[in-house]
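A.B. asks: Contents are TSV, C-alpha atoms and all ligand atoms; file name query.tsv:
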chain	number	residue	atom	x	y	z
G	1	MET	CA	20.20	9.30	26.18
G	2	ARG	CA	17.59	7.19	27.98
G	3	LEU	CA	14.44	5.76	26.43
G	4	LEU	CA	11.38	4.37	28.17
G	5	ILE	CA	9.77	1.78	25.92
G	6	ALA	CA	6.20	2.16	27.13
G	7	THR	CA	4.51	-1.10	26.27
G	8	THR	CA	2.86	-3.81	28.35
G	9	ASN	CA	3.39	-6.37	25.58
G	10	PRO	CA	6.54	-8.48	26.20
G	11	ASP	CA	6.76	-9.61	22.54
G	12	LYS	CA	6.78	-6.01	21.31
G	13	LEU	CA	9.36	-5.11	23.95
G	14	ARG	CA	11.66	-7.96	22.85
G	15	GLU	CA	11.42	-6.91	19.20
G	16	ILE	CA	11.98	-3.21	20.00
G	17	ARG	CA	15.03	-3.95	22.17
G	18	GLY	CA	16.49	-5.90	19.24
G	19	LEU	CA	15.76	-3.06	16.82
G	20	LEU	CA	17.49	-0.46	19.02
G	21	GLN	CA	20.37	-2.60	20.27
G	22	HIS	CA	23.00	-0.99	18.02
G	23	LEU	CA	22.31	2.49	19.44
G	24	PRO	CA	24.26	3.98	22.34
G	25	VAL	CA	21.08	4.53	24.36
G	26	GLU	CA	19.88	3.12	27.67
G	27	VAL	CA	16.61	1.27	27.11
G	28	LEU	CA	14.22	1.10	30.06
G	29	SER	CA	10.84	-0.58	30.19
G	30	LEU	CA	7.74	-0.11	32.35
G	31	ARG	CA	9.08	-2.89	34.56
G	32	ASP	CA	11.82	-0.51	35.75
G	33	PHE	CA	9.20	1.74	37.35
G	34	ALA	CA	6.33	1.45	39.81
G	35	ALA	CA	3.27	-0.05	38.14
G	36	VAL	CA	0.67	2.32	36.69
G	37	GLU	CA	-2.74	1.56	35.19
G	38	GLU	CA	-2.91	1.13	31.42
G	39	PRO	CA	-4.46	4.04	29.49
G	40	ASP	CA	-7.75	3.64	27.67
G	41	GLU	CA	-6.83	3.20	23.98
G	42	SER	CA	-9.74	5.25	22.69
G	43	GLY	CA	-8.15	6.52	19.46
G	44	THR	CA	-9.54	5.58	16.06
G	45	THR	CA	-6.15	5.43	14.30
G	46	PHE	CA	-2.83	3.77	15.15
G	47	GLU	CA	-1.17	7.21	15.17
G	48	GLU	CA	-3.72	8.62	17.63
G	49	ASN	CA	-3.29	5.68	20.03
G	50	ALA	CA	0.52	5.81	19.84
G	51	ARG	CA	0.45	9.50	20.77
G	52	LEU	CA	-2.11	8.89	23.51
G	53	LYS	CA	0.07	6.15	25.08
G	54	ALA	CA	3.28	8.20	24.77
G	55	PHE	CA	1.69	11.29	26.43
G	56	TYR	CA	0.12	9.12	29.14
G	57	TYR	CA	3.30	7.24	30.12
G	58	ASP	CA	5.40	10.41	29.86
G	59	ALA	CA	3.13	12.13	32.39
G	60	ALA	CA	2.56	9.11	34.64
G	61	VAL	CA	6.04	7.57	34.64
G	62	ALA	CA	8.87	9.23	32.72
G	63	HIS	CA	8.48	12.94	33.42
G	64	PRO	CA	8.27	12.68	37.25
G	65	THR	CA	11.30	10.35	37.21
G	66	ALA	CA	13.30	12.59	34.88
G	67	LEU	CA	12.66	15.56	37.18
G	68	VAL	CA	13.96	13.65	40.18
G	69	GLN	CA	16.91	12.09	38.37
G	70	CYS	CA	17.74	15.25	36.39
G	71	GLY	CA	18.17	13.58	33.03
G	72	PRO	CA	16.12	13.51	29.84
G	73	LEU	CA	13.97	10.42	29.48
G	74	LEU	CA	12.16	10.00	26.18
G	75	THR	CA	8.94	8.01	26.24
G	76	VAL	CA	8.51	5.79	23.18
G	77	ALA	CA	5.09	4.21	22.63
G	78	GLU	CA	3.73	2.36	19.67
G	79	ASP	CA	0.33	1.20	18.50
G	80	SER	CA	0.14	-1.58	15.98
G	81	GLY	CA	-2.21	-4.10	14.47
G	82	LEU	CA	-3.50	-6.08	11.53
G	83	VAL	CA	-5.67	-4.41	8.88
G	84	VAL	CA	-7.66	-6.81	6.66
G	85	ASP	CA	-9.14	-5.12	3.58
G	86	ALA	CA	-12.10	-7.51	3.15
G	87	LEU	CA	-13.07	-6.95	6.81
G	88	ASP	CA	-13.27	-3.18	6.35
G	89	GLY	CA	-9.94	-2.75	8.11
G	90	GLU	CA	-10.64	-4.96	11.13
G	91	PRO	CA	-9.18	-6.02	13.53
G	92	GLY	CA	-7.25	-2.72	13.12
G	93	VAL	CA	-6.77	-0.68	16.28
G	94	ARG	CA	-8.70	-3.37	18.17
G	95	SER	CA	-6.24	-6.14	17.23
G	96	ALA	CA	-5.25	-6.85	20.84
G	97	ARG	CA	-8.93	-7.07	21.85
G	98	TYR	CA	-10.46	-8.57	18.69
G	99	LEU	CA	-13.38	-10.97	19.26
G	100	ARG	CA	-13.01	-10.70	23.06
G	101	PRO	CA	-10.20	-9.25	25.18
G	102	ASP	CA	-9.36	-12.74	26.47
G	103	ALA	CA	-9.82	-14.61	23.15
G	104	SER	CA	-6.94	-16.88	22.11
G	105	TYR	CA	-5.16	-16.24	18.81
G	106	PRO	CA	-6.46	-19.54	17.30
G	107	GLU	CA	-9.99	-18.31	18.10
G	108	ARG	CA	-9.23	-14.97	16.43
G	109	PHE	CA	-7.74	-16.71	13.36
G	110	ALA	CA	-10.88	-18.87	13.10
G	111	GLU	CA	-13.10	-15.77	13.25
G	112	ILE	CA	-11.09	-14.03	10.52
G	113	GLN	CA	-11.27	-17.15	8.31
G	114	ARG	CA	-15.01	-17.50	8.98
G	115	ARG	CA	-15.69	-13.91	7.96
G	116	LEU	CA	-13.45	-14.14	4.88
G	117	ALA	CA	-15.27	-17.33	3.82
G	118	THR	CA	-18.50	-15.33	3.61
G	119	ARG	CA	-16.80	-13.15	0.96
G	120	PRO	CA	-14.98	-15.72	-1.22
G	121	SER	CA	-14.37	-13.33	-4.13
G	122	ALA	CA	-12.94	-10.54	-1.97
G	123	PRO	CA	-9.15	-10.08	-1.99
G	124	ARG	CA	-7.28	-11.52	1.02
G	125	THR	CA	-4.92	-8.54	1.13
G	126	ALA	CA	-3.87	-7.26	4.55
G	127	ARG	CA	-1.17	-5.19	6.22
G	128	PHE	CA	0.47	-4.79	9.58
G	129	VAL	CA	0.82	-1.16	10.70
G	130	CYS	CA	3.02	0.22	13.47
G	131	ALA	CA	2.78	3.87	14.55
G	132	VAL	CA	5.44	5.10	16.95
G	133	ALA	CA	5.33	8.33	18.97
G	134	VAL	CA	7.98	9.90	21.20
G	135	VAL	CA	7.10	12.38	23.95
G	136	GLN	CA	9.45	14.27	26.24
G	137	ALA	CA	8.26	16.44	29.12
G	138	GLY	CA	4.77	16.78	27.65
G	139	MET	CA	5.92	17.51	24.09
G	140	LEU	CA	5.59	15.31	21.03
G	141	VAL	CA	9.12	15.25	19.60
G	142	TYR	CA	8.93	12.52	16.95
G	143	GLU	CA	6.51	10.19	15.18
G	144	ALA	CA	6.76	7.66	12.37
G	145	THR	CA	4.76	4.82	10.84
G	146	GLY	CA	5.84	1.51	9.30
G	147	VAL	CA	3.71	-0.81	7.15
G	148	VAL	CA	4.18	-4.29	5.67
G	149	GLU	CA	1.83	-5.54	2.96
G	150	GLY	CA	0.74	-9.17	2.74
G	151	GLU	CA	-2.23	-11.54	2.65
G	152	ILE	CA	-4.24	-13.64	5.06
G	153	ALA	CA	-2.98	-17.22	4.68
G	154	PRO	CA	-5.59	-19.96	4.14
G	155	ALA	CA	-4.50	-21.50	7.46
G	156	ALA	CA	-2.16	-20.57	10.32
G	157	ARG	CA	1.44	-21.68	9.77
G	158	GLY	CA	4.55	-21.42	11.95
G	159	THR	CA	5.31	-20.92	15.60
G	160	HIS	CA	7.66	-17.93	15.52
G	161	GLY	CA	6.73	-14.34	16.31
G	162	PHE	CA	3.51	-13.57	18.17
G	163	GLY	CA	-0.09	-12.46	17.70
G	164	TYR	CA	-1.31	-12.69	14.12
G	165	ASP	CA	2.08	-13.64	12.60
G	166	PRO	CA	1.02	-17.24	11.73
G	167	VAL	CA	-1.84	-16.01	9.49
G	168	PHE	CA	0.09	-13.17	7.83
G	169	TYR	CA	1.54	-14.45	4.54
G	170	TYR	CA	4.38	-12.34	3.17
G	171	PRO	CA	4.58	-13.03	-0.60
G	172	PRO	CA	8.28	-12.16	-1.17
G	173	TYR	CA	9.28	-14.78	1.44
G	174	GLU	CA	6.55	-17.26	0.35
G	175	GLN	CA	6.05	-17.80	4.11
G	176	THR	CA	3.93	-16.48	6.94
G	177	LEU	CA	5.68	-14.27	9.50
G	178	GLY	CA	5.12	-17.18	11.91
G	179	GLU	CA	7.49	-19.23	9.76
G	180	THR	CA	10.29	-16.68	9.34
G	181	THR	CA	13.05	-16.07	11.86
G	182	GLU	CA	12.80	-12.94	14.01
G	183	GLU	CA	15.67	-11.40	12.04
G	184	GLU	CA	13.88	-12.01	8.70
G	185	LYS	CA	10.67	-10.59	10.14
G	186	GLN	CA	12.36	-7.42	11.41
G	187	ARG	CA	13.98	-6.75	8.04
G	188	VAL	CA	10.59	-6.31	6.34
G	189	ALA	CA	7.89	-5.92	8.97
G	190	HIS	CA	6.02	-2.84	10.22
G	191	ARG	CA	7.81	-2.51	13.57
G	192	GLY	CA	11.24	-2.82	11.98
G	193	ARG	CA	10.36	-0.15	9.43
G	194	ALA	CA	9.00	2.30	12.02
G	195	PHE	CA	11.80	1.78	14.55
G	196	ARG	CA	14.55	2.07	11.94
G	197	LYS	CA	13.18	5.55	11.18
G	198	LEU	CA	13.21	6.31	14.91
G	199	ALA	CA	16.78	4.97	15.21
G	200	GLU	CA	17.91	7.25	12.36
G	201	TRP	CA	16.32	10.24	14.06
G	202	LEU	CA	17.93	9.41	17.41
G	203	GLU	CA	21.29	9.02	15.69
G	204	LYS	CA	20.81	12.38	13.97
G	205	CYS	CA	19.95	14.04	17.31
G	206	ARG	CA	23.08	12.55	18.84
G	207	THR	CA	25.53	13.37	16.07
G	208	GLU	CA	24.21	16.87	15.45
G	209	ASN	CA	23.91	17.40	19.18
G	210	LYS	CA	20.67	19.30	18.63
G	211	GLY	CA	17.92	19.93	21.11
G	212	LEU	CA	15.37	17.18	20.53
G	213	SER	CA	12.41	19.38	19.66
G	214	SER	CA	14.39	21.25	17.00
G	215	VAL	CA	14.81	18.09	14.90
G	216	LEU	CA	11.11	17.40	14.34
G	301	LIG	P1	0.67	-1.93	24.52
G	301	LIG	O1	-0.57	-1.14	24.14
G	301	LIG	O2	0.90	-1.93	26.00
G	301	LIG	O3	1.87	-1.56	23.73
G	301	LIG	P2	-0.79	-4.09	23.24
G	301	LIG	O4	-0.48	-5.53	22.90
G	301	LIG	O5	-2.14	-3.83	23.86
G	301	LIG	O6	0.39	-3.49	24.16
G	301	LIG	P3	-1.63	-2.69	20.85
G	301	LIG	O7	-2.84	-2.10	21.45
G	301	LIG	O8	-0.76	-1.84	19.97
G	301	LIG	O9	-0.62	-3.25	21.94
G	301	LIG	O10	-2.08	-3.98	20.04
G	301	LIG	C1	-1.21	-4.62	19.20
G	301	LIG	C2	-1.79	-5.95	18.77
G	301	LIG	O11	-1.68	-6.07	17.35
G	301	LIG	C3	-0.98	-7.10	19.34
G	301	LIG	O12	-1.44	-7.48	20.62
G	301	LIG	C4	-1.21	-8.17	18.27
G	301	LIG	O13	-2.47	-8.76	18.42
G	301	LIG	C5	-1.22	-7.33	16.98
G	301	LIG	N1	0.15	-7.19	16.45
G	301	LIG	C6	0.91	-6.05	16.45
G	301	LIG	N2	2.11	-6.28	15.94
G	301	LIG	C7	2.15	-7.57	15.59
G	301	LIG	C8	3.15	-8.39	15.04
G	301	LIG	O14	4.36	-7.94	14.77
G	301	LIG	N3	2.84	-9.67	14.82
G	301	LIG	C9	1.63	-10.15	15.11
G	301	LIG	N4	0.63	-9.46	15.67
G	301	LIG	C10	0.89	-8.16	15.91
When written as structure tokens, how does the structure in this file appear?
Ligand code: ITT

C.D. replies:
Amino acid sequence: MRLLIATTNPDKLREIRGLLQHLPVEVLSLRDFAAVEEPDESGTTFEENARLKAFYYDAAVAHPTALVQCGPLLTVAEDSGLVVDALDGEPGVRSARYLRPDASYPERFAEIQRRLATRPSAPRTARFVCAVAVVQAGMLVYEATGVVEGEIAPAARGTHGFGYDPVFYYPPYEQTLGETTEEEKQRVAHRGRAFRKLAEWLEKCRTENKGLSSVL
């Protein structure tokens, strides 16, 4: 079985490779194919954007290649982000573009802290969400979502992980995800939760030797 992990984000790709490493599957990335433009992430939910990316990269990259190489190639895309309750769910699906597309993460952290300071009595609760979608030959064959609940830390802490990890405080660890190791993060975080579901499904497809679409 071959998977195309359809993301342009190298940090996501590293985490996803780690999460699927125990499976007997060949993992390919967009770098293994000719470059294509990125799709417009116009969805209003993580699930919608994950599906949109999976359909787009299946049609633009995986399906034409699978036809030529005569082997199934599943396109796996994910959409993820940080949802802050006191900011009405922002940055949400715009996490990668929050404030400005080229803003640095320290600038984004400062903006989140500034906006939270205007609502001092509001809860600082937040969650990371990861929606994953799998498309093969134009058909949606699997989808799953993973969530991790936490809080916005009073200040950024830690240098591990990527993106908003340094401001995401995970109470059971008493640390931000920027302070935990990658292994500790994967055990509890959104991407780990979503991709473990995907891994179970792939394993079930393999062991039951079923056609992929019949498992959904
Ligand atoms: P692709 O669409 O090509 O996959 P992207 O980075 O644009 O790459 P998204 O649109 O899904 O992906 O945006 C995800 C953003 O959410 C990411 O750039 C971070 O800002 C944030 N994010 C997602 N997962 C995160 C994590 O585990 N830790 C910290 N920040 C995360």

A.B. asks: Draw an axis-aligned box tight on the listed atoms of ligand LIG 301 (chain G), then pad every side by 8 Å and write out centre and edge lengths in Å to one decimal as JSON.

C.D. replies:
{"center_x": 0.8, "center_y": -5.6, "center_z": 20.4, "size_x": 23.2, "size_y": 25.0, "size_z": 27.2}

A.B. asks: Write as a ChimeraX atom specification the residues around ligand LIG 301 (chain G), taking 6 Å as the cut-off and counting only C-alpha atoms and all ligand atoms.

C.D. replies: /G:7-9,78-81,95-96,162-165

A.B. asks: At a cut-off of 8 Å, using all atoms listed in the file, what residues contact segment 115-132 of chain G? Leave out same-chain residues fewer than 2 positions from it and give the result as a VMD selection string.

C.D. replies: chain G and resid 46 to 47 50 to 51 76 to 87 111 to 113 134 143 to 152 168 189 to 191 194 to 195

A.B. asks: Could you tell me, as a PyMOL selection string, which residues have any atom at most 9 Å from (13.0, -4.8, 17.3), counting only C-alpha atoms?

C.D. replies: chain G and resi 12-21+182-183+186+191-192+195-196

A.B. asks: Could you dump the residues just selected with C-alpha atoms as an mmCIF file, keeping the file's coordinate frame?

C.D. replies:
data_model
loop_
_atom_site.group_PDB
_atom_site.id
_atom_site.type_symbol
_atom_site.label_atom_id
_atom_site.label_comp_id
_atom_site.auth_asym_id
_atom_site.auth_seq_id
_atom_site.Cartn_x
_atom_site.Cartn_y
_atom_site.Cartn_z
ATOM 1 C CA LYS G 12 6.780 -6.010 21.310
ATOM 2 C CA LEU G 13 9.360 -5.110 23.950
ATOM 3 C CA ARG G 14 11.660 -7.960 22.850
ATOM 4 C CA GLU G 15 11.420 -6.910 19.200
ATOM 5 C CA ILE G 16 11.980 -3.210 20.000
ATOM 6 C CA ARG G 17 15.030 -3.950 22.170
ATOM 7 C CA GLY G 18 16.490 -5.900 19.240
ATOM 8 C CA LEU G 19 15.760 -3.060 16.820
ATOM 9 C CA LEU G 20 17.490 -0.460 19.020
ATOM 10 C CA GLN G 21 20.370 -2.600 20.270
ATOM 11 C CA GLU G 182 12.800 -12.940 14.010
ATOM 12 C CA GLU G 183 15.670 -11.400 12.040
ATOM 13 C CA GLN G 186 12.360 -7.420 11.410
ATOM 14 C CA ARG G 191 7.810 -2.510 13.570
ATOM 15 C CA GLY G 192 11.240 -2.820 11.980
ATOM 16 C CA PHE G 195 11.800 1.780 14.550
ATOM 17 C CA ARG G 196 14.550 2.070 11.940
#

A.B. asks: What does the distance from atom CA of Pro24 of chain G to atom CA of Met139 of chain G come to in Å, to one decimal?

C.D. replies: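 So the two atoms, atom CA of Pro24 of chain G and atom CA of Met139 of chain G, lie 22.9 Å apart.
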
A.B. asks: List every protein, DNA or RNA residue with an atom no more than 12 Å from (1.7, 12.6, 31.9) in the file's coordinates, counting all atoms listed in the file, and format the result as a list in words.

C.D. replies: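 With a cut-off of 12 Å, the residues come to Val36, Pro39, Arg51, Leu52, Lys53, Ala54, Phe55, Tyr56, Tyr57, Asp58, Ala59, Ala60, Val61, Ala62, His63, Pro64, Thr65, Ala66, Thr75, Val135, Gln136, Ala137, Gly138, Met139 and Leu140 of chain G.
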
A.B. asks: Which one of G:Lys197, G:His160, G:Arg108, G:Arg31 sits closest to Glu90 of chain G if you count all atoms listed in the file?

C.D. replies: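 Between G:Lys197, G:His160, G:Arg108, G:Arg31, the residue approaching Glu90 of chain G most closely is G:Arg108.
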
A.B. asks: What separation in Å, quoted to one decimal, exists between atom CA of Tyr142 of chain G and atom CA of Leu198 of chain G?

C.D. replies: 7.8 Å

A.B. asks: State, in Å with one decimal place, the distance from atom CA of Gly161 of chain G to atom CA of Tyr173 of chain G.

C.D. replies: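 Computing the Euclidean distance for atom CA of Gly161 of chain G and atom CA of Tyr173 of chain G yields 15.1 Å.
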
A.B. asks: Could you check which of G:Arg157, G:Ile5, G:Asp88, G:Leu202 is closest to Thr180 of chain G, using only C-alpha atoms?

C.D. replies: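 The answer is G:Arg157, which sits nearest to Thr180 of chain G.
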